[in-house]
$ cat target37.txt   # compact mmCIF, C-alpha atoms and all ligand atoms
# COMPACT_ATOMS: atom_id res chain seq x y z
CA ASN S 1 100.55 109.61 119.82
CA ARG S 2 98.23 109.24 116.84
CA SER S 3 95.29 106.86 117.10
CA LEU S 4 92.66 105.78 114.56
CA VAL S 5 89.37 105.68 116.45
CA SER S 6 86.97 107.24 113.95
CA ILE S 7 87.37 107.61 110.21
CA ASN S 8 87.08 111.34 110.88
CA ASP S 9 90.48 111.19 112.59
CA PHE S 10 91.94 111.13 109.06
CA THR S 11 91.68 113.98 106.54
CA LYS S 12 90.76 113.38 102.91
CA GLU S 13 94.43 113.68 101.98
CA GLU S 14 95.43 111.13 104.62
CA ILE S 15 92.70 108.75 103.45
CA LEU S 16 93.96 109.03 99.87
CA GLN S 17 97.55 108.46 101.02
CA ILE S 18 96.49 105.23 102.77
CA VAL S 19 94.60 104.04 99.69
CA ASP S 20 97.66 104.73 97.50
CA ARG S 21 99.94 103.12 100.02
CA ALA S 22 97.78 100.00 100.18
CA ALA S 23 98.38 99.60 96.44
CA MET S 24 102.12 99.90 97.00
CA PHE S 25 102.04 97.27 99.75
CA GLU S 26 100.02 94.96 97.54
CA ALA S 27 102.64 95.30 94.78
CA LYS S 28 105.62 95.02 97.12
CA PRO S 29 105.38 94.41 100.89
CA ASN S 30 108.29 95.80 102.89
CA GLN S 31 109.25 92.83 105.02
CA ASP S 32 111.40 94.74 107.51
CA LEU S 33 109.15 97.70 108.16
CA LEU S 34 107.97 96.42 111.56
CA LYS S 35 111.27 94.82 112.62
CA ASP S 36 111.60 95.25 116.42
CA LYS S 37 107.94 96.35 116.72
CA VAL S 38 105.47 94.53 118.98
CA ILE S 39 101.80 95.08 118.25
CA ALA S 40 99.04 94.06 120.63
CA SER S 41 95.85 92.59 119.21
CA LEU S 42 93.06 92.76 121.83
CA PHE S 43 89.75 91.32 120.64
CA PHE S 44 87.00 91.53 123.26
CA GLU S 45 84.49 90.53 120.57
CA PRO S 46 84.65 87.80 117.88
CA SER S 47 86.36 88.41 114.54
CA THR S 48 87.73 86.43 111.63
CA ARG S 49 88.76 88.92 108.92
CA THR S 50 89.79 91.94 110.94
CA ARG S 51 91.96 90.06 113.40
CA LEU S 52 93.53 87.68 110.90
CA SER S 53 94.18 90.34 108.26
CA PHE S 54 95.82 92.58 110.87
CA GLU S 55 97.93 89.66 112.04
CA THR S 56 98.87 88.77 108.46
CA ALA S 57 99.77 92.40 107.75
CA ILE S 58 101.94 92.61 110.88
CA ARG S 59 103.74 89.32 110.20
CA ARG S 60 104.33 90.10 106.53
CA LEU S 61 105.89 93.41 107.59
CA GLY S 62 108.24 91.63 110.02
CA GLY S 63 106.50 92.59 113.26
CA ARG S 64 105.50 90.53 116.29
CA ILE S 65 102.08 90.15 117.87
CA ILE S 66 100.86 89.72 121.42
CA GLY S 67 97.30 89.67 122.66
CA PHE S 68 94.14 87.64 122.83
CA SER S 69 91.36 86.69 120.46
CA ASP S 70 88.99 85.73 123.23
CA ALA S 71 88.59 88.02 126.23
CA SER S 72 87.53 85.03 128.34
CA SER S 73 91.20 84.02 128.38
CA SER S 74 92.22 87.45 129.72
CA SER S 75 92.02 88.95 133.21
CA THR S 76 88.85 90.78 132.12
CA THR S 77 87.06 87.70 133.48
CA LYS S 78 88.58 88.43 136.92
CA GLY S 79 87.12 91.93 136.84
CA GLU S 80 90.03 93.94 135.43
CA THR S 81 88.83 97.19 133.91
CA LEU S 82 89.46 98.24 130.31
CA LYS S 83 91.43 101.21 131.66
CA ASP S 84 93.84 98.98 133.59
CA THR S 85 94.17 96.52 130.70
CA ILE S 86 95.06 99.29 128.27
CA LYS S 87 97.50 100.96 130.68
CA MET S 88 99.29 97.64 131.12
CA VAL S 89 99.37 96.57 127.49
CA SER S 90 100.56 99.97 126.31
CA ASN S 91 103.73 99.29 128.31
CA TYR S 92 104.24 96.03 126.40
CA ALA S 93 103.52 97.07 122.81
CA ASP S 94 104.19 99.83 120.27
CA MET S 95 100.56 99.94 119.15
CA ILE S 96 97.23 98.35 120.16
CA VAL S 97 94.58 97.04 117.77
CA MET S 98 91.35 96.69 119.73
CA ARG S 99 87.82 95.45 119.08
CA HIS S 100 85.27 95.93 121.83
CA PRO S 101 81.46 95.63 122.02
CA LEU S 102 80.92 99.04 123.65
CA GLU S 103 80.46 102.20 121.56
CA GLY S 104 83.08 104.74 122.57
CA SER S 105 85.45 102.15 124.08
CA ALA S 106 88.15 102.81 121.47
CA ARG S 107 88.14 106.55 122.15
CA TYR S 108 88.28 105.83 125.88
CA ALA S 109 91.18 103.41 125.35
CA SER S 110 93.06 106.02 123.30
CA GLU S 111 92.81 108.40 126.28
CA GLN S 112 94.35 105.80 128.62
CA SER S 113 97.05 104.51 126.30
CA SER S 114 100.61 105.73 125.88
CA VAL S 115 100.73 104.13 122.40
CA PRO S 116 98.39 104.48 119.39
CA ILE S 117 95.06 102.66 119.44
CA ILE S 118 93.54 101.35 116.23
CA ASN S 119 89.81 100.81 116.51
CA ALA S 120 88.97 97.41 115.00
CA GLY S 121 85.26 98.01 115.70
CA ASP S 122 83.52 99.48 118.76
CA GLY S 123 79.96 98.19 119.06
CA ALA S 124 77.60 99.72 116.50
CA ASN S 125 79.71 102.87 116.30
CA GLN S 126 82.69 102.82 113.91
CA HIS S 127 84.93 100.42 111.99
CA PRO S 128 87.44 102.76 110.35
CA THR S 129 89.95 100.16 109.16
CA GLN S 130 87.13 98.34 107.35
CA THR S 131 86.30 101.64 105.68
CA LEU S 132 89.86 102.12 104.45
CA LEU S 133 89.88 98.67 102.89
CA ASP S 134 86.45 99.40 101.42
CA LEU S 135 87.78 102.60 99.87
CA TYR S 136 90.78 100.73 98.50
CA SER S 137 88.38 98.17 97.01
CA ILE S 138 86.19 100.88 95.49
CA LYS S 139 89.18 102.70 93.99
CA LYS S 140 90.55 99.45 92.55
CA THR S 141 87.27 98.47 90.95
CA GLN S 142 85.92 101.86 89.85
CA GLY S 143 89.20 103.64 89.12
CA THR S 144 88.00 106.56 91.24
CA LEU S 145 86.29 107.40 94.51
CA GLU S 146 84.52 110.43 93.04
CA ASN S 147 80.87 110.85 91.95
CA LEU S 148 79.70 107.31 92.69
CA ASN S 149 76.17 106.12 93.36
CA VAL S 150 76.52 104.06 96.53
CA PHE S 151 73.69 101.81 97.70
CA MET S 152 73.81 100.57 101.29
CA VAL S 153 71.47 97.69 102.07
CA GLY S 154 70.34 95.94 105.25
CA ASP S 155 71.12 96.84 108.84
CA LEU S 156 72.05 100.50 108.59
CA LYS S 157 71.27 101.09 112.26
CA TYR S 158 73.68 98.70 113.95
CA GLY S 159 76.07 98.18 111.03
CA ARG S 160 79.18 100.09 112.04
CA THR S 161 80.85 99.57 108.66
CA VAL S 162 78.25 101.69 106.85
CA HIS S 163 78.56 104.48 109.43
CA SER S 164 82.29 104.86 108.85
CA LEU S 165 82.01 104.36 105.08
CA LEU S 166 79.31 107.03 104.74
CA GLN S 167 81.52 109.58 106.47
CA ALA S 168 84.60 108.71 104.44
CA MET S 169 82.77 108.70 101.10
CA SER S 170 81.41 112.16 101.94
CA HIS S 171 84.77 113.56 100.80
CA PHE S 172 84.11 112.31 97.25
CA ASN S 173 80.80 113.78 96.10
CA PRO S 174 78.67 110.61 96.27
CA VAL S 175 74.94 110.02 95.95
CA PHE S 176 73.66 107.59 98.60
CA ASN S 177 70.68 105.26 98.47
CA PHE S 178 69.79 103.52 101.71
CA ILE S 179 67.67 100.37 101.61
CA SER S 180 66.56 99.11 105.01
CA PRO S 181 63.46 98.11 106.97
CA ASP S 182 62.03 100.88 109.17
CA GLU S 183 63.51 99.25 112.27
CA LEU S 184 67.05 99.40 110.87
CA LYS S 185 67.22 102.79 109.16
CA MET S 186 70.38 104.89 109.00
CA PRO S 187 70.52 106.76 112.35
CA ASP S 188 69.61 110.45 112.31
CA GLU S 189 73.10 111.57 113.33
CA TYR S 190 74.49 110.24 110.04
CA LYS S 191 71.68 111.73 107.98
CA LEU S 192 72.28 115.09 109.67
CA TRP S 193 75.95 114.70 108.83
CA LEU S 194 75.06 114.27 105.14
CA ASP S 195 72.68 117.24 105.28
CA SER S 196 75.43 119.40 106.78
CA LYS S 197 77.70 118.51 103.84
CA GLY S 198 74.95 118.92 101.23
CA ILE S 199 75.24 115.28 100.13
CA PRO S 200 72.09 113.77 98.63
CA PHE S 201 70.62 110.56 100.02
CA TYR S 202 67.42 108.63 99.37
CA GLU S 203 65.78 106.09 101.65
CA HIS S 204 63.87 103.02 100.49
CA SER S 205 62.35 99.99 102.14
CA GLU S 206 61.92 97.92 98.95
CA PHE S 207 64.88 96.06 97.49
CA THR S 208 63.88 96.46 93.84
CA ASP S 209 65.27 97.23 90.40
CA ILE S 210 66.44 100.65 91.60
CA ILE S 211 69.76 98.87 92.15
CA SER S 212 70.20 99.15 88.36
CA ARG S 213 71.56 102.65 89.08
CA ALA S 214 74.22 101.52 91.56
CA ASP S 215 77.99 101.68 91.10
CA ILE S 216 78.55 100.11 94.50
CA LEU S 217 76.04 97.83 96.21
CA TYR S 218 77.15 97.52 99.82
CA MET S 219 75.28 94.65 101.46
CA THR S 220 75.26 94.21 105.24
CA ARG S 221 74.32 91.53 107.73
CA VAL S 222 71.54 92.14 110.26
CA GLN S 223 73.60 92.42 113.45
CA GLN S 224 71.88 89.84 115.63
CA GLU S 225 74.27 90.44 118.53
CA ARG S 226 73.18 94.09 118.91
CA PHE S 227 69.45 93.36 119.43
CA ALA S 228 68.25 93.62 123.04
CA ASP S 229 65.12 91.60 122.16
CA PRO S 230 65.61 88.38 120.11
CA LEU S 231 62.03 88.64 118.81
CA GLU S 232 62.89 91.96 117.16
CA TYR S 233 65.75 90.22 115.35
CA GLU S 234 63.41 87.45 114.17
CA LYS S 235 61.20 90.10 112.50
CA VAL S 236 63.97 91.52 110.32
CA LYS S 237 66.42 88.66 109.75
CA ASN S 238 66.57 87.66 106.08
CA VAL S 239 64.76 90.88 105.17
CA TYR S 240 66.73 91.29 101.94
CA VAL S 241 68.44 88.56 99.93
CA LEU S 242 70.48 89.46 96.86
CA ARG S 243 70.13 86.79 94.17
CA ASN S 244 72.03 86.46 90.91
CA SER S 245 68.84 86.96 88.89
CA MET S 246 68.53 90.49 90.37
CA LEU S 247 71.80 91.56 88.76
CA LYS S 248 70.65 91.25 85.12
CA ASN S 249 69.98 94.93 84.49
CA THR S 250 72.76 96.37 86.61
CA LYS S 251 75.63 98.54 85.40
CA ASP S 252 78.76 96.90 83.99
CA ASN S 253 80.91 98.64 86.57
CA LEU S 254 78.70 97.58 89.51
CA ARG S 255 80.60 95.83 92.26
CA ILE S 256 78.95 94.10 95.21
CA LEU S 257 80.71 94.65 98.49
CA HIS S 258 79.98 93.15 101.90
CA PRO S 259 82.19 93.46 104.98
CA LEU S 260 81.34 89.81 105.79
CA PRO S 261 80.48 87.58 107.50
CA ARG S 262 77.28 87.07 105.54
CA VAL S 263 74.38 85.06 106.84
CA ASN S 264 71.69 84.85 104.14
CA GLU S 265 71.78 88.32 102.59
CA ILE S 266 73.79 87.31 99.52
CA SER S 267 72.76 84.07 97.89
CA THR S 268 75.75 81.86 97.05
CA ASP S 269 74.63 81.93 93.40
CA VAL S 270 76.02 85.49 93.30
CA ASP S 271 79.54 84.36 94.23
CA GLU S 272 80.57 83.44 90.69
CA ASN S 273 79.17 86.64 89.17
CA PRO S 274 82.09 88.93 88.13
CA LYS S 275 80.31 91.77 89.92
CA ALA S 276 80.74 89.99 93.27
CA TYR S 277 83.79 91.46 94.95
CA TYR S 278 83.43 90.63 98.66
CA PHE S 279 86.12 87.98 98.90
CA GLN S 280 88.67 90.16 97.08
CA GLN S 281 87.54 93.01 99.36
CA ALA S 282 88.47 90.88 102.40
CA GLU S 283 91.91 90.18 100.88
CA ASN S 284 92.40 93.91 100.35
CA GLY S 285 92.16 94.21 104.14
CA VAL S 286 95.72 92.94 104.47
CA TYR S 287 97.16 95.68 102.22
CA ALA S 288 95.00 98.45 103.67
CA ARG S 289 95.97 97.44 107.20
CA MET S 290 99.66 97.39 106.27
CA ALA S 291 99.20 100.97 105.07
CA ILE S 292 97.29 101.98 108.22
CA ILE S 293 99.93 100.55 110.57
CA ALA S 294 102.77 102.22 108.64
CA SER S 295 100.93 105.52 108.67
CA ILE S 296 100.04 105.43 112.38
CA LEU S 297 103.59 104.47 113.38
CA GLY S 298 105.06 107.08 111.03
CA LEU S 299 107.11 104.52 109.12
CA ALA S 300 108.24 105.31 105.60
N1 LIG Q 401 84.40 92.67 108.36
C1 LIG Q 401 84.65 92.27 109.63
O1 LIG Q 401 84.83 93.11 110.53
O2 LIG Q 401 84.72 90.93 109.79
P1 LIG Q 401 85.10 90.18 111.14
O3 LIG Q 401 84.00 90.48 112.14
O4 LIG Q 401 85.22 88.74 110.80
O5 LIG Q 401 86.39 90.77 111.63

$ encode --input "target37.txt" --output "structure tokens" --more "lines below"
Ligand code: CP
Amino acid sequence: NRSLVSINDFTKEEILQIVDRAAMFEAKPNQDLLKDKVIASLFFEPSTRTRLSFETAIRRLGGRIIGFSDASSSSTTKGETLKDTIKMVSNYADMIVMRHPLEGSARYASEQSSVPIINAGDGANQHPTQTLLDLYSIKKTQGTLENLNVFMVGDLKYGRTVHSLLQAMSHFNPVFNFISPDELKMPDEYKLWLDSKGIPFYEHSEFTDIISRADILYMTRVQQERFADPLEYEKVKNVYVLRNSMLKNTKDNLRILHPLPRVNEISTDVDENPKAYYFQQAENGVYARMAIIASILGLA
């Protein structure tokens, strides 16, 4: 069976097919596509957008959902292992959507499961379905995925969305600019990845008027829950705040993305700016996830 654990599980062609298919689902959802399908939604870590947009996608396509949104209501609290949980649930469902705090847990689950696993976020590692909705959002707003200047801002160390997005965008000849404090820089493995593909990237610690060059400004939240030491979080929280006044000299085609939730990193005075796209981006999650489910289950 075919799982989606890392964005690298999909080729460029498959990524483009999902983006195109998301547009088709947005124009015309197929209400019977998941008739007779049961999809398990196992969230061992909190979520609003990912879980609810998956559930909306499944219901709008005529499917049914089982699962839990809070692992404390599952037998995990009695000591059941992830392996046993996945083995059981894969006998109940046609596919499993799983979020888990441990890096590598989605790959491990895919090795135990008899049905496809979709990684809805595994710790600080990957969030491939977020990336596919991000790509759909970029294509919708820029008209292309090619040759874009992508700025990623904030927690580039623990932010799993930027890790997956960087790898996916690598297919499309981007230039990257990374803005982060020293403590939260893009991990070396991802920079080595870019080097191996010959993709240029520039690192900055100041959040200044260099954003005037951006086509996409991808803001991220400092991931408080991934810090072992709360004092380290206190040092970097609120490190960058995007304000409406900072957008004066930016490109007309600039769009501001954020996987959400935000804490303070985008001032609410940005929300009414036409360059703010994060709420539409979250809506696009429904269409992208319809396309992902259809693709993984091999449904036309
Ligand atoms: N973007 C995202 O993953 O949001 P949630 O944590 O609310 O699912």

$ closest_residue --input "target37.txt" --among "S:Ser212, S:Ser114, S:Thr48, S:Asn264" --to "ligand LIG 401 (chain Q)" --atoms "all atoms listed in the file"
S:Thr48

$ closest_atom_pairs --input "target37.txt" --of "chain S" --to "ligand LIG 401 (chain Q)" --cutoff "7 Å" --atoms "all atoms listed in the file" --output "JSON lines"
{"residue": "S:Pro46", "atom": "CA", "partner": "Q:LIG401", "partner_atom": "O3", "distance": 6.4}
{"residue": "S:Ser47", "atom": "CA", "partner": "Q:LIG401", "partner_atom": "O5", "distance": 3.7}
{"residue": "S:Thr48", "atom": "CA", "partner": "Q:LIG401", "partner_atom": "O4", "distance": 3.5}
{"residue": "S:Arg49", "atom": "CA", "partner": "Q:LIG401", "partner_atom": "O4", "distance": 4.0}
{"residue": "S:Thr50", "atom": "CA", "partner": "Q:LIG401", "partner_atom": "O5", "distance": 3.7}
{"residue": "S:Arg51", "atom": "CA", "partner": "Q:LIG401", "partner_atom": "O5", "distance": 5.9}
{"residue": "S:Gln130", "atom": "CA", "partner": "Q:LIG401", "partner_atom": "N1", "distance": 6.4}
{"residue": "S:Pro259", "atom": "CA", "partner": "Q:LIG401", "partner_atom": "N1", "distance": 4.1}
{"residue": "S:Leu260", "atom": "CA", "partner": "Q:LIG401", "partner_atom": "N1", "distance": 4.9}
{"residue": "S:Pro261", "atom": "CA", "partner": "Q:LIG401", "partner_atom": "O2", "distance": 5.9}

$ residues_around --input "target37.txt" --residues "segment 171-181 of chain S" --least-positions-apart "3" --cutoff "8 Å" --atoms "all atoms listed in the file" --output "compact mmCIF listing (two decimals) with C-alpha atoms, in the frame of the given file"
# COMPACT_ATOMS: atom_id res chain seq x y z
CA LYS S 12 90.76 113.38 102.91
CA LEU S 145 86.29 107.40 94.51
CA GLU S 146 84.52 110.43 93.04
CA ASN S 147 80.87 110.85 91.95
CA LEU S 148 79.70 107.31 92.69
CA ASN S 149 76.17 106.12 93.36
CA VAL S 150 76.52 104.06 96.53
CA PHE S 151 73.69 101.81 97.70
CA MET S 152 73.81 100.57 101.29
CA VAL S 153 71.47 97.69 102.07
CA GLY S 154 70.34 95.94 105.25
CA ASP S 155 71.12 96.84 108.84
CA LEU S 156 72.05 100.50 108.59
CA GLN S 167 81.52 109.58 106.47
CA ALA S 168 84.60 108.71 104.44
CA LEU S 184 67.05 99.40 110.87
CA LYS S 185 67.22 102.79 109.16
CA MET S 186 70.38 104.89 109.00
CA ILE S 199 75.24 115.28 100.13
CA PRO S 200 72.09 113.77 98.63
CA PHE S 201 70.62 110.56 100.02
CA TYR S 202 67.42 108.63 99.37
CA GLU S 203 65.78 106.09 101.65
CA HIS S 204 63.87 103.02 100.49
CA SER S 205 62.35 99.99 102.14
CA GLU S 206 61.92 97.92 98.95
CA PHE S 207 64.88 96.06 97.49
CA VAL S 236 63.97 91.52 110.32
CA VAL S 239 64.76 90.88 105.17

$ closest_residue --input "target37.txt" --among "S:Ala23, S:Ile66, S:Ile210, S:Ala276" --to "Leu133 of chain S" --atoms "all atoms listed in the file"
S:Ala23

$ closest_residue --input "target37.txt" --among "S:Asp252, S:Asp229, S:Glu103, S:Glu183" --to "Arg160 of chain S" --atoms "all atoms listed in the file"
S:Glu103

$ atom_distance --input "target37.txt" --atom1 "atom CA of Pro116 of chain S" --atom2 "atom CA of Phe68 of chain S"
17.7 Å

$ closest_residue --input "target37.txt" --among "S:Lys28, S:Arg226, S:His258, S:Arg213" --to "Asn125 of chain S" --atoms "only C-alpha atoms"
S:Arg226

$ closest_residue --input "target37.txt" --among "S:Thr56, S:Ser196, S:Thr161, S:Ser295" --to "Gln223 of chain S" --atoms "all atoms listed in the file"
S:Thr161

$ decode --input "target37.txt" --residues "segment 125-163 of chain S" --atoms "N, CA and C atoms" --output "short mmCIF file (atom, residue, chain, number, x, y, z; two decimals), in the first residue's frame"
data_model
loop_
_atom_site.label_atom_id
_atom_site.label_comp_id
_atom_site.auth_asym_id
_atom_site.auth_seq_id
_atom_site.Cartn_x
_atom_site.Cartn_y
_atom_site.Cartn_z
N ASN S 125 9.60 16.85 12.41
CA ASN S 125 10.14 16.25 11.19
C ASN S 125 9.45 16.74 9.93
N GLN S 126 8.27 16.24 9.63
CA GLN S 126 7.61 16.51 8.34
C GLN S 126 6.12 16.77 8.53
N HIS S 127 5.55 17.52 7.59
CA HIS S 127 4.11 17.77 7.56
C HIS S 127 3.71 17.84 6.08
N PRO S 128 3.76 16.68 5.40
CA PRO S 128 3.64 16.72 3.93
C PRO S 128 2.28 17.18 3.42
N THR S 129 1.20 16.93 4.17
CA THR S 129 -0.10 17.38 3.63
C THR S 129 -0.22 18.90 3.74
N GLN S 130 0.42 19.49 4.76
CA GLN S 130 0.48 20.95 4.84
C GLN S 130 1.21 21.50 3.61
N THR S 131 2.30 20.81 3.25
CA THR S 131 3.08 21.27 2.09
C THR S 131 2.25 21.25 0.82
N LEU S 132 1.44 20.21 0.65
CA LEU S 132 0.65 20.14 -0.59
C LEU S 132 -0.41 21.24 -0.62
N LEU S 133 -0.95 21.59 0.52
CA LEU S 133 -1.91 22.71 0.51
C LEU S 133 -1.15 24.03 0.35
N ASP S 134 0.08 24.09 0.86
CA ASP S 134 0.89 25.30 0.64
C ASP S 134 1.20 25.47 -0.84
N LEU S 135 1.55 24.37 -1.50
CA LEU S 135 1.86 24.45 -2.93
C LEU S 135 0.62 24.86 -3.72
N TYR S 136 -0.52 24.31 -3.34
CA TYR S 136 -1.76 24.69 -4.02
C TYR S 136 -2.02 26.19 -3.82
N SER S 137 -1.75 26.67 -2.62
CA SER S 137 -1.95 28.10 -2.33
C SER S 137 -0.97 28.97 -3.13
N ILE S 138 0.26 28.50 -3.25
CA ILE S 138 1.27 29.27 -4.00
C ILE S 138 0.89 29.29 -5.48
N LYS S 139 0.49 28.15 -6.01
CA LYS S 139 0.12 28.09 -7.44
C LYS S 139 -1.09 28.99 -7.70
N LYS S 140 -2.07 28.96 -6.79
CA LYS S 140 -3.27 29.79 -6.98
C LYS S 140 -2.94 31.27 -6.98
N THR S 141 -2.00 31.66 -6.12
CA THR S 141 -1.76 33.10 -5.95
C THR S 141 -0.68 33.63 -6.89
N GLN S 142 0.25 32.76 -7.30
CA GLN S 142 1.36 33.23 -8.15
C GLN S 142 1.17 32.80 -9.60
N GLY S 143 0.27 31.85 -9.83
CA GLY S 143 0.07 31.33 -11.19
C GLY S 143 1.12 30.32 -11.59
N THR S 144 2.11 30.10 -10.76
CA THR S 144 3.20 29.17 -11.06
C THR S 144 3.87 28.76 -9.76
N LEU S 145 4.59 27.65 -9.82
CA LEU S 145 5.45 27.27 -8.69
C LEU S 145 6.91 27.53 -9.01
N GLU S 146 7.19 27.94 -10.23
CA GLU S 146 8.58 28.04 -10.72
C GLU S 146 9.20 29.40 -10.40
N ASN S 147 10.52 29.38 -10.11
CA ASN S 147 11.37 30.58 -10.05
C ASN S 147 10.90 31.61 -9.02
N LEU S 148 10.44 31.16 -7.88
CA LEU S 148 9.94 32.10 -6.87
C LEU S 148 10.99 32.35 -5.78
N ASN S 149 10.93 33.56 -5.23
CA ASN S 149 11.79 33.93 -4.12
C ASN S 149 10.99 33.71 -2.83
N VAL S 150 11.36 32.65 -2.11
CA VAL S 150 10.58 32.22 -0.95
C VAL S 150 11.34 32.57 0.33
N PHE S 151 10.71 33.38 1.16
CA PHE S 151 11.28 33.74 2.46
C PHE S 151 10.59 32.89 3.53
N MET S 152 11.39 32.26 4.37
CA MET S 152 10.85 31.50 5.50
C MET S 152 11.32 32.18 6.77
N VAL S 153 10.40 32.45 7.68
CA VAL S 153 10.71 33.31 8.83
C VAL S 153 10.28 32.65 10.14
N GLY S 154 11.17 32.65 11.12
CA GLY S 154 10.78 32.24 12.47
C GLY S 154 11.52 31.01 12.94
N ASP S 155 10.74 30.01 13.32
CA ASP S 155 11.31 28.78 13.90
C ASP S 155 11.56 27.77 12.78
N LEU S 156 12.74 27.86 12.20
CA LEU S 156 13.07 26.98 11.07
C LEU S 156 13.69 25.67 11.56
N LYS S 157 13.96 25.62 12.86
CA LYS S 157 14.53 24.40 13.44
C LYS S 157 13.43 23.38 13.73
N TYR S 158 12.44 23.80 14.50
CA TYR S 158 11.40 22.86 14.93
C TYR S 158 10.17 22.90 14.01
N GLY S 159 10.10 23.87 13.11
CA GLY S 159 8.91 24.02 12.28
C GLY S 159 8.88 22.99 11.16
N ARG S 160 8.08 21.96 11.35
CA ARG S 160 8.07 20.85 10.38
C ARG S 160 7.51 21.30 9.03
N THR S 161 6.66 22.32 9.03
CA THR S 161 6.06 22.73 7.75
C THR S 161 7.12 23.28 6.79
N VAL S 162 8.10 24.01 7.33
CA VAL S 162 9.12 24.56 6.43
C VAL S 162 10.07 23.47 5.93
N HIS S 163 10.25 22.42 6.71
CA HIS S 163 11.13 21.33 6.26
C HIS S 163 10.52 20.64 5.03
#
